[in-house]
Each structure stands twice: as structure tokens, then as C-alpha cells.
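This is target_10.pdb (PDB, C-alpha atoms, pLDDT in the B column).
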MODEL        1
ATOM      1  CA  MET S 267      62.812  16.679 128.020  1.00 51.00           C
ATOM      2  CA  TYR S 268      65.467  15.186 125.693  1.00 57.00           C
ATOM      3  CA  PRO S 269      65.212  11.428 124.977  1.00 55.00           C
ATOM      4  CA  HIS S 270      68.688  10.812 126.442  1.00 56.00           C
ATOM      5  CA  MET S 271      67.583  12.359 129.743  1.00 62.00           C
ATOM      6  CA  ILE S 272      64.433  10.232 129.850  1.00 59.00           C
ATOM      7  CA  VAL S 273      66.503   7.122 129.200  1.00 58.00           C
ATOM      8  CA  TRP S 274      69.069   7.985 131.876  1.00 58.00           C
ATOM      9  CA  ARG S 275      66.339   8.630 134.463  1.00 65.00           C
ATOM     10  CA  ALA S 276      64.900   5.220 133.657  1.00 59.00           C
ATOM     11  CA  ILE S 277      68.311   3.635 134.239  1.00 59.00           C
ATOM     12  CA  GLN S 278      68.706   5.443 137.554  1.00 62.00           C
ATOM     13  CA  GLN S 279      65.327   4.226 138.770  1.00 59.00           C
ATOM     14  CA  THR S 280      66.028   0.625 137.764  1.00 65.00           C
ATOM     15  CA  LYS S 281      67.654  -1.750 140.252  1.00 76.00           C
ATOM     16  CA  VAL S 282      70.846  -2.341 138.292  1.00 82.00           C
ATOM     17  CA  ASN S 283      74.325  -2.275 139.824  1.00 86.00           C
ATOM     18  CA  TRP S 284      76.566   0.744 139.362  1.00 88.00           C
ATOM     19  CA  VAL S 285      79.109  -0.921 137.060  1.00 92.00           C
ATOM     20  CA  ILE S 286      76.418  -2.008 134.592  1.00 92.00           C
ATOM     21  CA  LYS S 287      74.781   1.431 134.701  1.00 90.00           C
ATOM     22  CA  THR S 288      78.109   3.087 133.958  1.00 93.00           C
ATOM     23  CA  LEU S 289      78.875   0.712 131.084  1.00 94.00           C
ATOM     24  CA  ILE S 290      75.452   1.363 129.554  1.00 93.00           C
ATOM     25  CA  LEU S 291      75.840   5.130 129.952  1.00 93.00           C
ATOM     26  CA  ALA S 292      79.292   5.075 128.358  1.00 95.00           C
ATOM     27  CA  ASP S 293      78.072   3.024 125.388  1.00 94.00           C
ATOM     28  CA  LEU S 294      75.038   5.264 125.037  1.00 94.00           C
ATOM     29  CA  ILE S 295      77.386   8.224 124.612  1.00 95.00           C
ATOM     30  CA  ILE S 296      79.951   6.447 122.409  1.00 96.00           C
ATOM     31  CA  LEU S 297      77.605   4.672 120.003  1.00 95.00           C
ATOM     32  CA  SER S 298      75.228   7.630 119.815  1.00 95.00           C
ATOM     33  CA  ALA S 299      78.214   9.778 118.862  1.00 95.00           C
ATOM     34  CA  SER S 300      79.066   7.418 115.998  1.00 95.00           C
ATOM     35  CA  GLN S 301      75.543   7.750 114.635  1.00 94.00           C
ATOM     36  CA  LEU S 302      75.911  11.495 114.248  1.00 94.00           C
ATOM     37  CA  PHE S 303      77.584  10.689 110.928  1.00 94.00           C
ATOM     38  CA  GLY S 304      76.967   6.963 110.407  1.00 90.00           C
ATOM     39  CA  PRO S 305      73.861   7.177 108.190  1.00 88.00           C
ATOM     40  CA  ILE S 306      75.357   9.920 105.997  1.00 91.00           C
ATOM     41  CA  PHE S 307      78.962   8.733 105.859  1.00 91.00           C
ATOM     42  CA  ALA S 308      78.675   7.754 102.186  1.00 90.00           C
ATOM     43  CA  ILE S 309      77.529  11.290 101.352  1.00 91.00           C
ATOM     44  CA  PHE S 310      80.528  12.676 103.229  1.00 91.00           C
ATOM     45  CA  ILE S 311      82.853  10.497 101.147  1.00 91.00           C
ATOM     46  CA  GLU S 312      81.171  11.631  97.945  1.00 90.00           C
ATOM     47  CA  ASN S 313      81.716  15.275  98.921  1.00 88.00           C
ATOM     48  CA  LYS S 314      85.371  14.796  99.853  1.00 86.00           C
ATOM     49  CA  ILE S 315      86.779  12.288  97.366  1.00 88.00           C
ATOM     50  CA  THR S 316      86.600  11.963  93.605  1.00 83.00           C
ATOM     51  CA  GLY S 317      86.275   8.562  91.959  1.00 81.00           C
ATOM     52  CA  ASP S 318      83.912   5.616  91.891  1.00 86.00           C
ATOM     53  CA  ILE S 319      82.058   6.405  95.131  1.00 87.00           C
ATOM     54  CA  ILE S 320      80.149   3.125  95.275  1.00 90.00           C
ATOM     55  CA  GLU S 321      83.379   1.154  95.077  1.00 93.00           C
ATOM     56  CA  ILE S 322      85.194   3.449  97.523  1.00 93.00           C
ATOM     57  CA  VAL S 323      82.408   3.143 100.107  1.00 93.00           C
ATOM     58  CA  GLY S 324      82.394  -0.646  99.786  1.00 94.00           C
ATOM     59  CA  VAL S 325      86.165  -0.956 100.088  1.00 96.00           C
ATOM     60  CA  ALA S 326      86.222   1.463 103.051  1.00 95.00           C
ATOM     61  CA  ALA S 327      83.641  -0.632 104.894  1.00 95.00           C
ATOM     62  CA  ALA S 328      85.540  -3.840 104.082  1.00 97.00           C
ATOM     63  CA  ILE S 329      88.839  -2.408 105.357  1.00 97.00           C
ATOM     64  CA  TYR S 330      87.221  -1.418 108.642  1.00 97.00           C
ATOM     65  CA  LEU S 331      85.624  -4.827 109.163  1.00 97.00           C
ATOM     66  CA  PHE S 332      88.728  -6.734 108.060  1.00 97.00           C
ATOM     67  CA  SER S 333      91.107  -4.839 110.364  1.00 97.00           C
ATOM     68  CA  ARG S 334      88.675  -5.215 113.255  1.00 96.00           C
ATOM     69  CA  SER S 335      88.330  -8.947 112.624  1.00 96.00           C
ATOM     70  CA  ILE S 336      92.089  -9.512 112.562  1.00 96.00           C
ATOM     71  CA  VAL S 337      92.752  -7.673 115.829  1.00 96.00           C
ATOM     72  CA  GLU S 338      89.736  -8.449 118.004  1.00 96.00           C
ATOM     73  CA  ILE S 339      90.390 -12.107 118.886  1.00 95.00           C
ATOM     74  CA  PRO S 340      94.049 -11.498 119.904  1.00 95.00           C
ATOM     75  CA  VAL S 341      92.838  -8.641 122.129  1.00 95.00           C
ATOM     76  CA  GLY S 342      90.231 -10.928 123.690  1.00 93.00           C
ATOM     77  CA  ILE S 343      92.873 -13.571 124.376  1.00 93.00           C
ATOM     78  CA  PHE S 344      95.127 -10.924 125.901  1.00 91.00           C
ATOM     79  CA  VAL S 345      92.547  -9.556 128.342  1.00 90.00           C
ATOM     80  CA  ASP S 346      91.592 -13.095 129.409  1.00 89.00           C
ATOM     81  CA  ARG S 347      95.138 -14.038 130.415  1.00 87.00           C
ATOM     82  CA  THR S 348      95.307 -12.025 133.637  1.00 77.00           C
ATOM     83  CA  SER S 349      93.306 -12.201 136.851  1.00 73.00           C
ATOM     84  CA  SER S 350      92.812  -8.433 137.048  1.00 79.00           C
ATOM     85  CA  GLU S 351      90.210  -6.312 135.305  1.00 85.00           C
ATOM     86  CA  LYS S 352      92.806  -3.589 134.847  1.00 87.00           C
ATOM     87  CA  ASP S 353      93.755  -4.672 131.329  1.00 88.00           C
ATOM     88  CA  ASP S 354      90.070  -4.966 130.356  1.00 92.00           C
ATOM     89  CA  LEU S 355      89.466  -1.328 131.232  1.00 93.00           C
ATOM     90  CA  ILE S 356      92.751  -0.027 129.827  1.00 93.00           C
ATOM     91  CA  THR S 357      92.356  -1.690 126.425  1.00 95.00           C
ATOM     92  CA  THR S 358      88.754  -0.513 126.269  1.00 96.00           C
ATOM     93  CA  VAL S 359      89.620   3.105 127.013  1.00 96.00           C
ATOM     94  CA  VAL S 360      92.629   3.095 124.653  1.00 97.00           C
ATOM     95  CA  GLY S 361      90.450   1.718 121.860  1.00 97.00           C
ATOM     96  CA  ILE S 362      87.786   4.356 122.437  1.00 97.00           C
ATOM     97  CA  VAL S 363      90.390   7.134 122.397  1.00 98.00           C
ATOM     98  CA  VAL S 364      91.675   5.783 119.063  1.00 98.00           C
ATOM     99  CA  MET S 365      88.108   5.882 117.718  1.00 98.00           C
ATOM    100  CA  SER S 366      87.756   9.483 118.885  1.00 97.00           C
ATOM    101  CA  CYS S 367      90.979  10.450 117.117  1.00 97.00           C
ATOM    102  CA  VAL S 368      89.813   8.836 113.879  1.00 98.00           C
ATOM    103  CA  TYR S 369      86.542  10.783 113.974  1.00 97.00           C
ATOM    104  CA  PHE S 370      88.492  14.014 114.332  1.00 97.00           C
ATOM    105  CA  LEU S 371      90.920  13.075 111.558  1.00 97.00           C
ATOM    106  CA  TYR S 372      88.050  12.461 109.129  1.00 97.00           C
ATOM    107  CA  THR S 373      87.811  16.251 108.785  1.00 95.00           C
ATOM    108  CA  PHE S 374      91.208  16.260 107.045  1.00 95.00           C
ATOM    109  CA  VAL S 375      90.447  13.514 104.512  1.00 94.00           C
ATOM    110  CA  ASP S 376      90.934  14.537 100.888  1.00 90.00           C
ATOM    111  CA  SER S 377      92.155  11.316  99.265  1.00 92.00           C
ATOM    112  CA  VAL S 378      90.997   7.738  99.089  1.00 94.00           C
ATOM    113  CA  TRP S 379      94.182   6.438 100.726  1.00 95.00           C
ATOM    114  CA  GLN S 380      93.715   8.715 103.719  1.00 96.00           C
ATOM    115  CA  LEU S 381      90.175   7.372 104.061  1.00 96.00           C
ATOM    116  CA  TYR S 382      91.312   3.758 103.813  1.00 97.00           C
ATOM    117  CA  SER S 383      94.067   4.327 106.381  1.00 97.00           C
ATOM    118  CA  LEU S 384      91.604   5.849 108.845  1.00 97.00           C
ATOM    119  CA  GLN S 385      89.166   2.996 108.284  1.00 97.00           C
ATOM    120  CA  ALA S 386      91.897   0.498 109.157  1.00 98.00           C
ATOM    121  CA  LEU S 387      92.778   2.499 112.274  1.00 98.00           C
ATOM    122  CA  LEU S 388      89.112   2.696 113.263  1.00 98.00           C
ATOM    123  CA  GLY S 389      88.863  -1.081 112.961  1.00 97.00           C
ATOM    124  CA  ILE S 390      91.857  -1.484 115.266  1.00 97.00           C
ATOM    125  CA  GLY S 391      90.408   0.978 117.773  1.00 97.00           C
ATOM    126  CA  THR S 392      87.073  -0.826 117.775  1.00 97.00           C
ATOM    127  CA  ALA S 393      88.815  -4.184 118.188  1.00 97.00           C
ATOM    128  CA  LEU S 394      90.659  -2.828 121.228  1.00 97.00           C
ATOM    129  CA  ALA S 395      87.533  -1.315 122.755  1.00 96.00           C
ATOM    130  CA  TRP S 396      84.909  -4.043 122.809  1.00 94.00           C
ATOM    131  CA  PRO S 397      86.443  -7.281 124.149  1.00 94.00           C
ATOM    132  CA  GLY S 398      87.260  -5.633 127.469  1.00 93.00           C
ATOM    133  CA  TRP S 399      83.869  -3.887 127.602  1.00 94.00           C
ATOM    134  CA  TYR S 400      82.020  -7.162 126.979  1.00 93.00           C
ATOM    135  CA  SER S 401      84.185  -8.898 129.553  1.00 92.00           C
ATOM    136  CA  ILE S 402      83.425  -6.353 132.264  1.00 92.00           C
ATOM    137  CA  PHE S 403      79.711  -6.277 131.442  1.00 93.00           C
ATOM    138  CA  THR S 404      79.426 -10.057 131.472  1.00 90.00           C
ATOM    139  CA  ARG S 405      81.273 -10.359 134.777  1.00 89.00           C
ATOM    140  CA  HIS S 406      79.252  -7.701 136.617  1.00 90.00           C
ATOM    141  CA  ILE S 407      75.812  -8.429 135.215  1.00 90.00           C
ATOM    142  CA  ASP S 408      73.269  -9.030 137.989  1.00 86.00           C
ATOM    143  CA  LYS S 409      72.437 -12.702 138.406  1.00 86.00           C
ATOM    144  CA  THR S 410      68.872 -13.639 137.396  1.00 81.00           C
ATOM    145  CA  LYS S 411      68.669 -10.333 135.468  1.00 84.00           C
ATOM    146  CA  GLU S 412      70.896 -11.238 132.534  1.00 87.00           C
ATOM    147  CA  ALA S 413      68.192 -11.048 129.847  1.00 88.00           C
ATOM    148  CA  PHE S 414      66.734  -7.849 131.293  1.00 86.00           C
ATOM    149  CA  GLU S 415      70.050  -6.027 131.548  1.00 88.00           C
ATOM    150  CA  TRP S 416      71.170  -6.973 128.030  1.00 90.00           C
ATOM    151  CA  SER S 417      67.737  -5.872 126.798  1.00 89.00           C
ATOM    152  CA  LEU S 418      68.048  -2.639 128.749  1.00 89.00           C
ATOM    153  CA  TYR S 419      71.404  -2.042 127.113  1.00 91.00           C
ATOM    154  CA  ASP S 420      69.971  -2.646 123.628  1.00 92.00           C
ATOM    155  CA  VAL S 421      66.970  -0.370 124.185  1.00 90.00           C
ATOM    156  CA  VAL S 422      68.955   2.479 125.728  1.00 90.00           C
ATOM    157  CA  VAL S 423      71.676   2.446 123.082  1.00 93.00           C
ATOM    158  CA  GLY S 424      69.121   2.001 120.287  1.00 92.00           C
ATOM    159  CA  ILE S 425      67.148   5.058 121.386  1.00 92.00           C
ATOM    160  CA  GLY S 426      70.333   7.091 121.641  1.00 92.00           C
ATOM    161  CA  MET S 427      71.544   6.061 118.192  1.00 94.00           C
ATOM    162  CA  ALA S 428      68.146   6.755 116.619  1.00 93.00           C
ATOM    163  CA  THR S 429      68.111  10.220 118.137  1.00 93.00           C
ATOM    164  CA  THR S 430      71.593  11.214 117.049  1.00 94.00           C
ATOM    165  CA  ALA S 431      71.038   9.855 113.525  1.00 92.00           C
ATOM    166  CA  VAL S 432      68.446  12.596 113.099  1.00 93.00           C
ATOM    167  CA  VAL S 433      70.485  15.215 114.962  1.00 94.00           C
ATOM    168  CA  GLY S 434      73.549  14.530 112.829  1.00 94.00           C
ATOM    169  CA  SER S 435      71.716  15.181 109.590  1.00 93.00           C
ATOM    170  CA  VAL S 436      70.404  18.473 110.963  1.00 94.00           C
ATOM    171  CA  ILE S 437      73.911  19.527 112.032  1.00 94.00           C
ATOM    172  CA  VAL S 438      75.356  18.705 108.606  1.00 93.00           C
ATOM    173  CA  LYS S 439      72.610  20.644 106.875  1.00 91.00           C
ATOM    174  CA  SER S 440      73.157  23.680 109.105  1.00 92.00           C
ATOM    175  CA  PHE S 441      76.904  23.692 109.775  1.00 93.00           C
ATOM    176  CA  GLY S 442      78.596  21.157 107.492  1.00 91.00           C
ATOM    177  CA  PHE S 443      80.208  17.744 107.983  1.00 92.00           C
ATOM    178  CA  ASP S 444      83.167  18.916 110.063  1.00 94.00           C
ATOM    179  CA  TRP S 445      80.966  19.726 113.023  1.00 95.00           C
ATOM    180  CA  VAL S 446      79.462  16.248 113.276  1.00 96.00           C
ATOM    181  CA  PHE S 447      82.973  14.796 113.412  1.00 97.00           C
ATOM    182  CA  TYR S 448      84.089  17.329 116.025  1.00 97.00           C
ATOM    183  CA  LEU S 449      81.076  16.460 118.165  1.00 96.00           C
ATOM    184  CA  ALA S 450      81.445  12.712 117.604  1.00 97.00           C
ATOM    185  CA  SER S 451      85.091  12.908 118.624  1.00 97.00           C
ATOM    186  CA  ALA S 452      84.339  14.976 121.733  1.00 97.00           C
ATOM    187  CA  PHE S 453      81.453  12.811 122.941  1.00 97.00           C
ATOM    188  CA  THR S 454      83.436   9.626 122.334  1.00 97.00           C
ATOM    189  CA  LEU S 455      86.119  10.996 124.651  1.00 97.00           C
ATOM    190  CA  ILE S 456      83.423  11.790 127.218  1.00 97.00           C
ATOM    191  CA  GLY S 457      82.349   8.146 126.999  1.00 96.00           C
ATOM    192  CA  ALA S 458      85.933   7.079 127.705  1.00 96.00           C
ATOM    193  CA  LEU S 459      86.027   9.392 130.733  1.00 96.00           C
ATOM    194  CA  ALA S 460      82.774   7.853 131.997  1.00 95.00           C
ATOM    195  CA  LEU S 461      84.426   4.421 131.883  1.00 95.00           C
ATOM    196  CA  LEU S 462      87.394   5.714 133.857  1.00 93.00           C
ATOM    197  CA  THR S 463      85.064   6.309 136.827  1.00 92.00           C
ATOM    198  CA  LEU S 464      85.148   2.501 137.191  1.00 92.00           C
ATOM    199  CA  LYS S 465      88.916   2.529 137.687  1.00 87.00           C
ATOM    200  CA  ALA S 466      88.997   2.361 141.498  1.00 80.00           C
ATOM    201  CA  LYS S 467      86.484  -0.496 141.669  1.00 79.00           C
ATOM    202  CA  LEU S 468      87.811  -2.619 138.809  1.00 80.00           C
ATOM    203  CA  PHE S 469      91.505  -2.228 139.565  1.00 75.00           C
ATOM    204  CA  SER S 470      90.961  -3.577 143.074  1.00 71.00           C
ATOM    205  CA  GLN S 471      89.129  -6.675 141.920  1.00 62.00           C
ATOM    206  CA  HIS S 472      90.360  -9.985 140.553  1.00 56.00           C
ATOM    207  CA  ARG S 473      88.562 -12.437 138.390  1.00 54.00           C
ATOM    208  CA  HIS S 474      88.845 -16.206 138.328  1.00 46.00           C
ATOM    209  CA  THR S 475      90.425 -17.699 135.229  1.00 44.00           C
ATOM    210  CA  ASN S 476      90.963 -21.267 134.147  1.00 38.00           C
ATOM    211  CA  PRO S 477      94.645 -22.001 133.580  1.00 37.00           C
ATOM    212  CA  LEU S 478      95.509 -23.101 130.052  1.00 34.00           C
TER     213      LEU S 478
ENDMDL
END
Would you write out, as C-alpha cells, the structure that this file holds?
Amino acid sequence: MYPHMIVWRAIQQTKVNWVIKTLILADLIILSASQLFGPIFAIFIENKITGDIIEIVGVAAAIYLFSRSIVEIPVGIFVDRTSSEKDDLITTVVGIVVMSCVYFLYTFVDSVWQLYSLQALLGIGTALAWPGWYSIFTRHIDKTKEAFEWSLYDVVVGIGMATTAVVGSVIVKSFGFDWVFYLASAFTLIGALALLTLKAKLFSQHRHTNPL
């Protein structure tokens, strides 16, 4: 049996509410997809771009983190300003779709400026995705099970990412880099679709906010 299936059966058998289970499943898919290429991303850059690879890799990572840092707090403020969870889910799904598009577009990279542009876009997509996700998870976490459910999330996602880190290297060795990006893009979209199953429940609920 595949590790992902073992993990998902464990989630199903655990007394955790449906929203939390769905959020964990979606992140399992999304973050595992990113690890298909994460550990070997520097090698991909070396194969696609000429120049000082060490510097290019460092700058690419900095651009991603910088763009994410600039955007994430404004997104968090935005999703906190309304009493509905609708904007939490919408910004999360939009951000994940942006991430999926970036993964696909990596297959066309042949210059350092294309890489840097995609890294900036990936940072923006990530910044859109996580504030809403964290907000929903925090709001629906089962009382008295906070530590357990965050730990469950960490373990499940960690196992998934460890598995796909190995799978990604095998895929690259057998089929080339393009296929890991195609698969990462596709599975990231599947993760977004999993989150959309929460639409009916979240759109009908309101949260309590403290007026500024």
C-alpha cells in the first residue's frame, strides 16, 4: 500500500472534523506536489540556464521569499476584514492556482529573467494561498485537540513530502524535468479542487471579528 493511502486511512479513522480533514488532505497533495522538484530545483536551473548558478539559485530563492513577504500581511489583513469565510477560501484557491501555473511555466524557462519573474509570481501565489488556509484551519480546529491536530497536519504533510522527494528524483531520471513540473502543476490543481469541496459549508458561515 502506498504511504499516502496509509496516511489518509489514518486520518479517516481519527475523530477529526471534516473541514480539518479536508484542509490536511489538500495540503498533503499541494505540498507533496511541490516536493517533486523541490530538492532538485537547483539542478534544474543548472541544466536550463547558463551563468553563475550558485548566485542565480540564491537570488531566485530571495526573490520568492521577498515577494511572498511583501504580499502576505496585506492578504491576511484583507481576509480578516469581513465576517464571511468566503474570501478566505477564494484567496486560498486563487493563490494555489497561481502556484500551479508557475510550476507549469517552469518548463518554458530558458533565461535567468524568466526564472526570476516566475519566482516573484510564485511568492505572490503562496502569499495569497496561506493566510486564508491558516485562518480556516484555526477557526475549525477541534477544541481540546489543537496540539494533536496541528501535529497530525505536520506528520501527514511531512510523510507526503518525504515520499514525493524520492519519487520526483526517479521521475527526472527516467523522463526528464518537464514531467515533474507537469505532475506538480496537475496535483496542485487537484489540491485546489479538494478545497472547493468546502465551499457550501464555509460560504454559509460567518465568523466573529473585532471592529477596528
- request: List every protein, DNA or RNA residue that has an atom no more than 12 Å from (89.3, -14.5, 124.2) in the file's coordinate frame, counting only C-alpha atoms, and report them as a list in words.
  value: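 All residues meeting the 12 Å criterion around (89.3, -14.5, 124.2) are Val337, Glu338, Ile339, Pro340, Val341, Gly342, Ile343, Phe344, Val345, Asp346, Arg347, Thr348, Asp354, Ala393, Trp396, Pro397, Gly398, Tyr400, Ser401 and Thr475 of chain S.
Interatomic distance, atom CA of Asp444 of chain S against atom CA of Gln380 of chain S: 16.0 Å.
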Result set, the PyMOL selection byres ((chain S and resi 362) around 9) on current file, as a compact mmCIF listing (two decimals) with C-alpha atoms, in the coordinates of the input:
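As written to disk, expr.txt reads:
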# COMPACT_ATOMS: atom_id res chain seq x y z
CA ILE S 296 79.95 6.45 122.41
CA THR S 357 92.36 -1.69 126.42
CA THR S 358 88.75 -0.51 126.27
CA VAL S 359 89.62 3.10 127.01
CA VAL S 360 92.63 3.10 124.65
CA GLY S 361 90.45 1.72 121.86
CA VAL S 363 90.39 7.13 122.40
CA VAL S 364 91.68 5.78 119.06
CA MET S 365 88.11 5.88 117.72
CA SER S 366 87.76 9.48 118.88
CA CYS S 367 90.98 10.45 117.12
CA GLY S 391 90.41 0.98 117.77
CA THR S 392 87.07 -0.83 117.78
CA LEU S 394 90.66 -2.83 121.23
CA ALA S 395 87.53 -1.32 122.76
CA TRP S 396 84.91 -4.04 122.81
CA THR S 454 83.44 9.63 122.33
CA LEU S 455 86.12 11.00 124.65
CA GLY S 457 82.35 8.15 127.00
CA ALA S 458 85.93 7.08 127.70
Separation of atom CA of Thr429 of chain S from atom CA of Leu464 of chain S in Å: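 Atom-to-atom, atom CA of Leu464 of chain S and atom CA of Thr429 of chain S are spaced 26.7 Å apart.
With atom CA of Gly324 of chain S on one side and atom CA of Gln385 of chain S on the other, the separation reads 11.5 Å.
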task: Determine the residue set returned by the PyMOL selection byres ((chain S and resi 308) around 12) for the present structure, and present it as a list in words.
output: Phe303, Gly304, Pro305, Ile306, Phe307, Ile309, Phe310, Ile311, Glu312, Asn313, Lys314, Ile315, Asp318, Ile319, Ile320, Glu321, Ile322, Val323, Gly324, Val325, Ala326, Ala327, Leu381 and Phe443 of chain S
message: Restricting the calculation to all atoms listed in the file: of S:Leu468, S:Thr404, S:Trp445, S:Ala460, which residue gets closest to Val433 of chain S?
response: S:Trp445
As a PDB file with C-alpha atoms, keeping the file's coordinate frame, please: the residues near Val285 of chain S (cut-off 10 Å, all atoms listed in the file, same-chain neighbours under 5 positions excluded).
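Below is the file part.pdb, written as the result:
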ATOM      1  CA  ILE S 290      75.452   1.363 129.554  1.00 93.00           C
ATOM      2  CA  LEU S 291      75.840   5.130 129.952  1.00 93.00           C
ATOM      3  CA  ILE S 402      83.425  -6.353 132.264  1.00 92.00           C
ATOM      4  CA  PHE S 403      79.711  -6.277 131.442  1.00 93.00           C
ATOM      5  CA  ARG S 405      81.273 -10.359 134.777  1.00 89.00           C
ATOM      6  CA  HIS S 406      79.252  -7.701 136.617  1.00 90.00           C
ATOM      7  CA  ILE S 407      75.812  -8.429 135.215  1.00 90.00           C
ATOM      8  CA  LEU S 461      84.426   4.421 131.883  1.00 95.00           C
ATOM      9  CA  THR S 463      85.064   6.309 136.827  1.00 92.00           C
ATOM     10  CA  LEU S 464      85.148   2.501 137.191  1.00 92.00           C
ATOM     11  CA  LYS S 467      86.484  -0.496 141.669  1.00 79.00           C
ATOM     12  CA  LEU S 468      87.811  -2.619 138.809  1.00 80.00           C
TER      13      LEU S 468
END
task: Taking (88.7, 13.3, 110.2) in the file's own coordinates, collect the residues within 9 Å, counting all atoms listed in the file, and hand them back as a list of chain:residue names.
output: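 Residues with an atom close enough to that point: S:Cys367, S:Val368, S:Tyr369, S:Phe370, S:Leu371, S:Tyr372, S:Thr373, S:Phe374, S:Val375, S:Leu381, S:Leu384, S:Asp444, S:Phe447, S:Tyr448.
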Expected file: the selected residues, C-alpha atoms, as a JSON list (two decimals), in the coordinates of the input:
[["chain", "number", "residue", "atom", "x", "y", "z"],
["S", 367, "CYS", "CA", 90.98, 10.45, 117.12],
["S", 368, "VAL", "CA", 89.81, 8.84, 113.88],
["S", 369, "TYR", "CA", 86.54, 10.78, 113.97],
["S", 370, "PHE", "CA", 88.49, 14.01, 114.33],
["S", 371, "LEU", "CA", 90.92, 13.08, 111.56],
["S", 372, "TYR", "CA", 88.05, 12.46, 109.13],
["S", 373, "THR", "CA", 87.81, 16.25, 108.78],
["S", 374, "PHE", "CA", 91.21, 16.26, 107.04],
["S", 375, "VAL", "CA", 90.45, 13.51, 104.51],
["S", 381, "LEU", "CA", 90.18, 7.37, 104.06],
["S", 384, "LEU", "CA", 91.60, 5.85, 108.84],
["S", 444, "ASP", "CA", 83.17, 18.92, 110.06],
["S", 447, "PHE", "CA", 82.97, 14.80, 113.41],
["S", 448, "TYR", "CA", 84.09, 17.33, 116.02]]
field: Selection near Gln301 of chain S, 7 Å with all atoms listed in the file, sequence-local residues under 3 positions removed, as a list in words
entry: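 Contacts, in chain order: Leu297, Ser298, Gly304, Pro305, Met427, Thr430 and Ala431 of chain S.
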